[in-house]
>>> print(open('my_file.tsv').read())   # TSV, N, CA and C atoms
chain	number	residue	atom	x	y	z
A	95	MET	N	21.36	4.73	94.89
A	95	MET	CA	20.99	3.67	93.99
A	95	MET	C	21.44	4.06	92.58
A	96	THR	N	22.00	3.12	91.89
A	96	THR	CA	22.46	3.35	90.53
A	96	THR	C	21.70	2.43	89.59
A	97	VAL	N	21.23	3.00	88.48
A	97	VAL	CA	20.55	2.19	87.47
A	97	VAL	C	21.36	2.27	86.17
A	98	PRO	N	21.26	1.25	85.34
A	98	PRO	CA	21.97	1.29	84.06
A	98	PRO	C	21.52	2.50	83.22
A	99	ASP	N	22.43	3.00	82.41
A	99	ASP	CA	22.14	4.17	81.59
A	99	ASP	C	20.88	3.99	80.74
A	100	GLU	N	20.71	2.80	80.17
A	100	GLU	CA	19.54	2.56	79.32
A	100	GLU	C	18.24	2.74	80.10
A	101	ILE	N	18.21	2.23	81.33
A	101	ILE	CA	17.02	2.36	82.18
A	101	ILE	C	16.81	3.82	82.56
A	102	ALA	N	17.87	4.53	82.90
A	102	ALA	CA	17.77	5.95	83.26
A	102	ALA	C	17.21	6.75	82.09
A	103	GLU	N	17.65	6.43	80.89
A	103	GLU	CA	17.14	7.14	79.70
A	103	GLU	C	15.66	6.85	79.48
A	104	ARG	N	15.27	5.59	79.69
A	104	ARG	CA	13.85	5.23	79.52
A	104	ARG	C	12.99	5.92	80.58
A	105	LEU	N	13.49	6.01	81.80
A	105	LEU	CA	12.76	6.71	82.86
A	105	LEU	C	12.61	8.19	82.53
A	106	ALA	N	13.68	8.80	82.08
A	106	ALA	CA	13.64	10.23	81.72
A	106	ALA	C	12.67	10.47	80.57
A	107	SER	N	12.68	9.58	79.59
A	107	SER	CA	11.78	9.70	78.44
A	107	SER	C	10.32	9.58	78.88
A	108	GLU	N	10.03	8.60	79.72
A	108	GLU	CA	8.67	8.39	80.21
A	108	GLU	C	8.20	9.59	81.03
A	109	ALA	N	9.07	10.10	81.89
A	109	ALA	CA	8.72	11.26	82.71
A	109	ALA	C	8.44	12.47	81.83
A	110	SER	N	9.27	12.69	80.83
A	110	SER	CA	9.08	13.82	79.92
A	110	SER	C	7.77	13.69	79.15
A	111	GLU	N	7.50	12.48	78.68
A	111	GLU	CA	6.28	12.23	77.90
A	111	GLU	C	5.02	12.52	78.70
A	112	HIS	N	5.08	12.25	80.00
A	112	HIS	CA	3.90	12.44	80.86
A	112	HIS	C	3.96	13.72	81.67
A	113	GLY	N	4.97	14.54	81.45
A	113	GLY	CA	5.06	15.81	82.16
A	113	GLY	C	5.21	15.65	83.66
A	114	THR	N	6.00	14.68	84.08
A	114	THR	CA	6.19	14.42	85.49
A	114	THR	C	7.67	14.21	85.77
A	115	SER	N	8.01	13.88	86.98
A	115	SER	CA	9.42	13.68	87.33
A	115	SER	C	9.80	12.21	87.23
A	116	VAL	N	11.09	11.95	87.12
A	116	VAL	CA	11.60	10.59	87.11
A	116	VAL	C	11.20	9.89	88.41
A	117	GLU	N	11.24	10.61	89.51
A	117	GLU	CA	10.86	10.03	90.80
A	117	GLU	C	9.42	9.56	90.79
A	118	ASP	N	8.51	10.36	90.17
A	118	ASP	CA	7.11	9.95	90.09
A	118	ASP	C	6.95	8.68	89.26
A	119	VAL	N	7.70	8.59	88.16
A	119	VAL	CA	7.63	7.39	87.32
A	119	VAL	C	8.11	6.18	88.11
A	120	ILE	N	9.21	6.34	88.81
A	120	ILE	CA	9.73	5.23	89.62
A	120	ILE	C	8.71	4.81	90.67
A	121	ALA	N	8.10	5.77	91.35
A	121	ALA	CA	7.09	5.46	92.36
A	121	ALA	C	5.90	4.73	91.75
A	122	GLN	N	5.49	5.15	90.56
A	122	GLN	CA	4.37	4.49	89.89
A	122	GLN	C	4.71	3.05	89.54
A	123	VAL	N	5.89	2.83	88.99
A	123	VAL	CA	6.30	1.48	88.60
A	123	VAL	C	6.43	0.59	89.83
A	124	LEU	N	7.11	1.07	90.84
A	124	LEU	CA	7.28	0.26	92.05
A	124	LEU	C	5.94	0.00	92.73
A	125	GLY	N	5.12	1.01	92.81
A	125	GLY	CA	3.82	0.86	93.46
A	125	GLY	C	2.93	-0.14	92.76
A	126	SER	N	3.05	-0.24	91.45
A	126	SER	CA	2.20	-1.17	90.72
A	126	SER	C	2.74	-2.60	90.73
A	127	HIS	N	4.00	-2.79	91.13
A	127	HIS	CA	4.60	-4.12	91.10
A	127	HIS	C	4.90	-4.71	92.47
A	128	LEU	N	4.89	-3.93	93.51
A	128	LEU	CA	5.19	-4.45	94.84
A	128	LEU	C	3.90	-4.85	95.55
A	129	PRO	N	3.91	-5.97	96.24
A	129	PRO	CA	2.71	-6.37	96.98
A	129	PRO	C	2.52	-5.47	98.20
A	130	ALA	N	1.28	-5.35	98.61
A	130	ALA	CA	0.98	-4.57	99.81
A	130	ALA	C	1.50	-5.33	101.02
A	131	PRO	N	1.96	-4.61	102.04
A	131	PRO	CA	2.40	-5.29	103.27
A	131	PRO	C	1.22	-6.06	103.87
A	132	PRO	N	1.48	-7.18	104.54
A	132	PRO	CA	0.40	-7.96	105.14
A	132	PRO	C	-0.45	-7.12	106.09
A	133	GLY	N	-1.75	-7.22	105.94
A	133	GLY	CA	-2.67	-6.52	106.83
A	133	GLY	C	-2.83	-5.04	106.54
A	134	ARG	N	-2.25	-4.57	105.46
A	134	ARG	CA	-2.38	-3.15	105.12
A	134	ARG	C	-2.90	-3.02	103.71
A	135	SER	N	-3.62	-1.98	103.46
A	135	SER	CA	-4.18	-1.73	102.13
A	135	SER	C	-3.47	-0.55	101.49
A	136	LEU	N	-3.17	-0.68	100.23
A	136	LEU	CA	-2.58	0.43	99.48
A	136	LEU	C	-3.52	0.81	98.33
A	137	GLY	N	-4.76	1.08	98.66
A	137	GLY	CA	-5.75	1.41	97.64
A	137	GLY	C	-5.38	2.61	96.79
A	138	PHE	N	-4.62	3.54	97.37
A	138	PHE	CA	-4.25	4.72	96.61
A	138	PHE	C	-3.34	4.39	95.44
A	139	ILE	N	-2.73	3.21	95.42
A	139	ILE	CA	-1.85	2.82	94.32
A	139	ILE	C	-2.65	2.75	93.03
A	140	ALA	N	-3.94	2.49	93.09
A	140	ALA	CA	-4.76	2.40	91.88
A	140	ALA	C	-4.69	3.69	91.07
A	141	MET	N	-4.44	4.80	91.72
A	141	MET	CA	-4.37	6.06	90.97
A	141	MET	C	-3.20	6.07	90.00
A	142	PHE	N	-2.21	5.18	90.21
A	142	PHE	CA	-1.07	5.13	89.31
A	142	PHE	C	-1.37	4.30	88.06
A	143	GLY	N	-2.50	3.64	88.03
A	143	GLY	CA	-2.86	2.83	86.88
A	143	GLY	C	-3.69	3.59	85.86
A	144	ALA	N	-3.67	4.90	85.93
A	144	ALA	CA	-4.46	5.73	85.02
A	144	ALA	C	-4.00	5.55	83.58
A	145	PRO	N	-4.90	5.73	82.63
A	145	PRO	CA	-4.53	5.59	81.22
A	145	PRO	C	-3.47	6.62	80.82
A	146	PRO	N	-2.67	6.30	79.82
A	146	PRO	CA	-1.66	7.25	79.33
A	146	PRO	C	-2.32	8.57	78.95
A	147	GLY	N	-1.64	9.63	79.26
A	147	GLY	CA	-2.15	10.96	78.95
A	147	GLY	C	-3.00	11.57	80.05
A	148	THR	N	-3.30	10.79	81.08
A	148	THR	CA	-4.06	11.30	82.21
A	148	THR	C	-3.19	12.26	83.00
A	149	LEU	N	-3.79	13.32	83.48
A	149	LEU	CA	-3.07	14.33	84.24
A	149	LEU	C	-2.52	13.74	85.53
A	150	SER	N	-1.21	13.89	85.76
A	150	SER	CA	-0.59	13.39	86.98
A	150	SER	C	-0.81	14.39	88.11
A	151	VAL	N	-0.64	13.92	89.32
A	151	VAL	CA	-0.76	14.79	90.48
A	151	VAL	C	0.27	15.91	90.40
A	152	ALA	N	1.50	15.55	90.03
A	152	ALA	CA	2.56	16.56	89.93
A	152	ALA	C	2.21	17.62	88.88
A	153	GLU	N	1.66	17.19	87.75
A	153	GLU	CA	1.28	18.15	86.70
A	153	GLU	C	0.12	19.02	87.15
A	154	ALA	N	-0.85	18.44	87.84
A	154	ALA	CA	-1.98	19.22	88.35
A	154	ALA	C	-1.50	20.28	89.33
A	155	GLU	N	-0.58	19.90	90.22
A	155	GLU	CA	-0.03	20.86	91.17
A	155	GLU	C	0.72	21.98	90.44
A	156	ARG	N	1.50	21.61	89.42
A	156	ARG	CA	2.25	22.62	88.66
A	156	ARG	C	1.29	23.60	87.99
A	157	ARG	N	0.23	23.07	87.38
A	157	ARG	CA	-0.75	23.94	86.71
A	157	ARG	C	-1.44	24.86	87.70
A	158	LEU	N	-1.78	24.32	88.88
A	158	LEU	CA	-2.42	25.16	89.88
A	158	LEU	C	-1.48	26.26	90.36
A	159	GLU	N	-0.20	25.91	90.56
A	159	GLU	CA	0.78	26.90	90.99
A	159	GLU	C	0.98	27.98	89.93
A	160	ASP	N	0.90	27.59	88.65
A	160	ASP	CA	1.07	28.54	87.55
A	160	ASP	C	-0.20	29.33	87.27
A	161	GLY	N	-1.31	28.98	87.95
A	161	GLY	CA	-2.57	29.67	87.73
A	161	GLY	C	-3.28	29.20	86.47
A	162	ASN	N	-2.91	28.05	85.95
A	162	ASN	CA	-3.51	27.52	84.73
A	162	ASN	C	-4.68	26.62	85.09
A	163	ASN	N	-5.76	27.23	85.60
A	163	ASN	CA	-6.91	26.45	86.07
A	163	ASN	C	-7.90	26.09	84.96
A	164	GLU	N	-7.81	26.76	83.80
A	164	GLU	CA	-8.75	26.49	82.72
A	164	GLU	C	-8.64	25.05	82.24
A	165	SER	N	-7.46	24.46	82.36
A	165	SER	CA	-7.26	23.11	81.84
A	165	SER	C	-8.03	22.06	82.64
A	166	PHE	N	-8.62	22.43	83.77
A	166	PHE	CA	-9.38	21.49	84.57
A	166	PHE	C	-10.87	21.52	84.23
A	167	ALA	N	-11.27	22.46	83.38
A	167	ALA	CA	-12.70	22.57	83.02
A	167	ALA	C	-13.11	21.36	82.20
A	168	GLN	N	-14.35	20.94	82.40
A	168	GLN	CA	-14.85	19.77	81.65
A	168	GLN	C	-15.89	20.16	80.66
>>> encode(input="my_file.tsv", output="structure tokens")
Amino acid sequence: MTVPDEIAERLASEASEHGTSVEDVIAQVLGSHLPAPPGRSLGFIAMFGAPPGTLSVAEAERRLEDGNNESFAQ
């Protein structure tokens, strides 16, 4: 799949801003705009509607792999 350069730059910028991958951003955008298949629920898509600055799954995994567990303290 090929996207226009402007869109690719916007995706890269958004991914960088949120500390995630371009693929994660694409999945979030598509998941929030595509209807659920008939008879199936995609309740997990709600996790992509988190407020800006919320820790992404990819970032949480990276922090856990790096041993940076203090950032999860409340």
>>> atom_distance(input="my_file.tsv", atom1="atom CA of A:Asp118", atom2="atom C of A:Leu158")
18.4 Å
>>> select_by_dssp(input="my_file.tsv", residues="stretch 99-132 of chain A", states="helix (DSSP H, G or I)", output="ChimeraX atom specification")
/A:99-112,116-127
>>> residues_around(input="my_file.tsv", residues="stretch 104-116 of chain A", least_positions_apart="2", cutoff="7 Å", atoms="only N, CA and C atoms", output="count of residues only")
12
>>> atom_distance(input="my_file.tsv", atom1="atom N of A:Met95", atom2="atom C of A:Glu117")
13.5 Å
>>> atom_distance(input="my_file.tsv", atom1="atom CA of A:Val97", atom2="atom CA of A:Ser126")
18.9 Å
